[in-house]
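Below: the structure, in structure tokens.
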2 protein chains.
Amino acid sequence: MRDFSRGIEWLSINQATTRAQWSLEQAIAGYARQDVRGIAIWRDKLAECGVKRAATALRAAGMTVTGLCRGGMFPAADQAGRQAAIDDNRRAIDEAVGVRAQCVVLVVGGLAQGSKDIAGARGQVRDGIAAILPYARAAGMPLAIEPLHPMYAADRACVNTMKQANDLCDELGEGLGIAVDVYHVWWDPELEREIRRAGKTRILAFHVCDWLVPTTDLLLDRGMMGDGIIDIPRIRGWVEDAGYDGFAEVEIFSANNWWKREPEEVVRVCAERHRSVV
Amino acid sequence: MRDFSRGIEWLSINQATTRAQWSLEQAIAGYARQDVRGIAIWRDKLAECGVKRAATALRAAGMTVTGLCRGGMFPAADQAGRQAAIDDNRRAIDEAVGVRAQCVVLVVGGLAQGSKDIAGARGQVRDGIAAILPYARAAGMPLAIEPLHPMYAADRACVNTMKQANDLCDELGEGLGIAVDVYHVWWDPELEREIRRAGKTRILAFHVCDWLVPTTDLLLDRGMMGDGIIDIPRIRGWVEDAGYDGFAEVEIFSANNWWKREPEEVVRVCAERHRSVV
């Protein structure tokens, strides 16, 4: 397992972590000022900036883009909705190519509007990924399914375990992988086995933050690494044993804490915790 | 699958559903007034009332006790804490016998204080159940592991899937079963298979409520059946296909809605929804 205490060479920060404070250009500059070498980008922020301008700023800062957030959201109540999702995913792939992202992160979507059919939603996710995969392959852009915590199964992602993600990769093949986020998967009794099953080629990203006790909001109360109860080094050990040697990407949605702090401080704490508890 | 539209013969109400409004005696009387024939009891409410007095009131009302909530909470930071949990579980078994409950529901507990070792917590749960099981068997009182939603893995229950519960039943044997609560398991891609695996002898209770979108609180924002996105009849169908022929027990924690309503209205809506959407 790599020794992160020596430096932040493998630290990436997902710009969601400072989304309340900084635009994309501000985030690129702000992270770079503290020698952070990786960033993950959100499409709404990218749209504000423009892909070309972002690409220039990223190149100037020497920044690796560890992921573009996000594609997915496949299930829909009708064919027009499903097609719109597929079209939007193709645009996400284009944008990811434009900023040289390492992958497009897929938050696959939950139940279609008005539906209670979770098995049907899962089928729509499989069909949606199958529909965009040839386009992603042609673009040389890997797609990373991010299994989301089961508390998001209804409204954000009906792929909720590494096992489901691995099964989809088995079924759909080349060009598809997984983003492992400790927040979503730490509880899973089959996590170690499914990380091993995923292996080096499938693990396209590794996201870190922490699970707070108590957690006061399902979406916007993630913790800084070390402030919660996830044994992050243990999971990183499994991921690295499987062959992963990329960035550890900090992604924190925190309406009442980190989004209210000075962004320079947020970056500084990310770097400290990366060295001490990741 | 039984036709629930014809009546409420198989409706039980967990008194947590009216816990803000009614004592145990009030709940027994209030449920009975609307011809509800099953109740699940909480130990704090039972302690207020006293076991003997409760047993008398239950008998007079002709009420079946579909479960006593709750045993469990096994993991602890030290041996004294683990022993205290075991002693408390024995008392729960005695109380369950005193009110002729069909089972003691086990909310097994999350991480021990200060610990990040979820595998260790799961080991402590197994050891804790193993320690009380002979006592439960001798008392003729079944223990029902309730797998809780993964969002409770840290602080309430580290058994989060039917598969884990089935594995524990395989390992520990006779006298141990499962309480299937749709709120906790509806998202699980392996649910149908694991319900089938559990079968008639292991499924000791079936709990219903609904998952609201959005859910505004991790603990106290459960929905009335029909107000959320769980396909309850589908899951009841699986449970009954497995041989379950007992009560459907309504258990709703709802600080800002159902706990604020007139309890008579809550019972009336439980009965209506039992007939129409369960």
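For the structure tokens, the naming scheme is as follows: chains receive sequential letters (A, B, ...) according to their order of presentation, residues are indexed from 1 within each chain, and ligands are indexed from 1 in presentation order.
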Practice task
Quick one: pick out all strand (DSSP E) residues within region 15-248 of chain A from a backbone DSSP run and write them as an MDAnalysis selection string.
Solution key: chainID A and resid 38:42 64:72 104:107 143:145 176:181 203:208 248
Exercise for the section: Please determine the contact residues of chain A with respect to chain B at a cut-off of 9 Å, counting only C-alpha atoms, and supply them as number ranges by chain. Expected result: A: 111, 114-119, 149-151, 153-155, 158-161, 164, 186-189, 211-218, 228-231
Problem - DSSP-assigned helix (DSSP H, G or I) among region 52-146 of chain A, expressed as a PyMOL selection string - result: chain A and resi 52-61+79-98+118-139
Exercise for the section: Do a neighbour search on Ala136 (chain B) at 8 Å with only C-alpha atoms, toss out local chain neighbours closer than 5 positions, and write the hits as number ranges by chain. Expected result: B: 90, 93, 141-143, 175
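Pairwise distance (CA of Arg82 (chain B), CA of Leu168 (chain B)) equals 18.5 Å.
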Practice task
Using only C-alpha atoms, determine which residues lie at most 12 Å from Gly199 (chain A), disregarding the query and same-chain residues fewer than 5 positions distant; provide the list as a ChimeraX atom specification.
Solution key: /A:162,166,169,177-180,192-194,204-205,238-245
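The two atoms in question, CA of Thr66 (chain B) and CA of Ser23 (chain B), are spaced 17.5 Å apart.
Across B:Ile132, B:Leu68, B:Ile13, B:Ile41, the tightest approach to Ala84 (chain B) is made by B:Ile132 when counting only C-alpha atoms.
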Practice task
Determine the nearest neighbour of Gln26 (chain A) from the options A:Glu249, A:Asp127, A:Glu264, A:Asp221, counting only C-alpha atoms.
Solution key: A:Glu264
Practice task
Name all residues at most 12 Å from Leu11 (chain B) (count only C-alpha atoms; drop same-chain ones fewer than 2 positions away) and give them as a PyMOL selection string.
Solution key: chain B and resi 4-9+13-14+31-32+34-40+63-66+205-208+245-251+267-275+278
Selected residues written out, C-alpha atoms, as a PDB file, in the first residue's frame:
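As written to disk, again.pdb reads:
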```pdb
ATOM      1  CA  PHE B   4     -56.140  -8.252   2.334  1.00  0.00           C
ATOM      2  CA  SER B   5     -58.855  -6.112   0.747  1.00  0.00           C
ATOM      3  CA  ARG B   6     -61.540  -8.081   2.555  1.00  0.00           C
ATOM      4  CA  GLY B   7     -60.526  -7.225   6.096  1.00  0.00           C
ATOM      5  CA  ILE B   8     -57.854  -6.531   8.640  1.00  0.00           C
ATOM      6  CA  GLU B   9     -57.567  -9.955  10.194  1.00  0.00           C
ATOM      7  CA  ILE B  13     -49.673  -2.256  14.394  1.00  0.00           C
ATOM      8  CA  ASN B  14     -46.307  -1.719  15.970  1.00  0.00           C
ATOM      9  CA  TYR B  31     -56.167  -0.536  18.259  1.00  0.00           C
ATOM     10  CA  ALA B  32     -58.828  -2.928  19.604  1.00  0.00           C
ATOM     11  CA  GLN B  34     -60.903  -0.407  15.458  1.00  0.00           C
ATOM     12  CA  ASP B  35     -60.742  -4.218  15.413  1.00  0.00           C
ATOM     13  CA  VAL B  36     -56.994  -4.436  14.993  1.00  0.00           C
ATOM     14  CA  ARG B  37     -55.944  -7.846  16.308  1.00  0.00           C
ATOM     15  CA  GLY B  38     -52.168  -7.587  16.396  1.00  0.00           C
ATOM     16  CA  ILE B  39     -49.724  -5.291  18.154  1.00  0.00           C
ATOM     17  CA  ALA B  40     -45.966  -5.111  18.510  1.00  0.00           C
ATOM     18  CA  MET B  63     -54.588  -9.147  20.907  1.00  0.00           C
ATOM     19  CA  THR B  64     -51.736 -11.124  19.322  1.00  0.00           C
ATOM     20  CA  VAL B  65     -48.290  -9.708  20.107  1.00  0.00           C
ATOM     21  CA  THR B  66     -46.390  -9.955  16.840  1.00  0.00           C
ATOM     22  CA  ALA B 205     -42.378 -11.255  11.128  1.00  0.00           C
ATOM     23  CA  PHE B 206     -43.239  -9.041   8.167  1.00  0.00           C
ATOM     24  CA  HIS B 207     -43.123  -5.270   8.687  1.00  0.00           C
ATOM     25  CA  VAL B 208     -44.530  -2.636   6.371  1.00  0.00           C
ATOM     26  CA  ASP B 245     -48.884 -16.664   6.745  1.00  0.00           C
ATOM     27  CA  GLY B 246     -48.714 -14.303   9.716  1.00  0.00           C
ATOM     28  CA  PHE B 247     -49.485 -10.662  10.315  1.00  0.00           C
ATOM     29  CA  ALA B 248     -48.359  -7.650   8.309  1.00  0.00           C
ATOM     30  CA  GLU B 249     -47.115  -5.281  10.994  1.00  0.00           C
ATOM     31  CA  VAL B 250     -47.186  -1.541  10.382  1.00  0.00           C
ATOM     32  CA  GLU B 251     -44.184   0.227  11.899  1.00  0.00           C
ATOM     33  CA  VAL B 267     -55.055   3.586  13.158  1.00  0.00           C
ATOM     34  CA  ARG B 268     -57.853   4.215  10.684  1.00  0.00           C
ATOM     35  CA  VAL B 269     -55.398   5.019   7.878  1.00  0.00           C
ATOM     36  CA  CYS B 270     -53.259   1.985   8.745  1.00  0.00           C
ATOM     37  CA  ALA B 271     -56.352  -0.191   8.344  1.00  0.00           C
ATOM     38  CA  GLU B 272     -57.385   1.464   5.060  1.00  0.00           C
ATOM     39  CA  ARG B 273     -53.945   1.158   3.555  1.00  0.00           C
ATOM     40  CA  HIS B 274     -53.603  -2.410   4.799  1.00  0.00           C
ATOM     41  CA  ARG B 275     -56.658  -3.240   2.708  1.00  0.00           C
ATOM     42  CA  VAL B 278     -50.279  -3.815   1.287  1.00  0.00           C
TER      43      VAL B 278
END
```
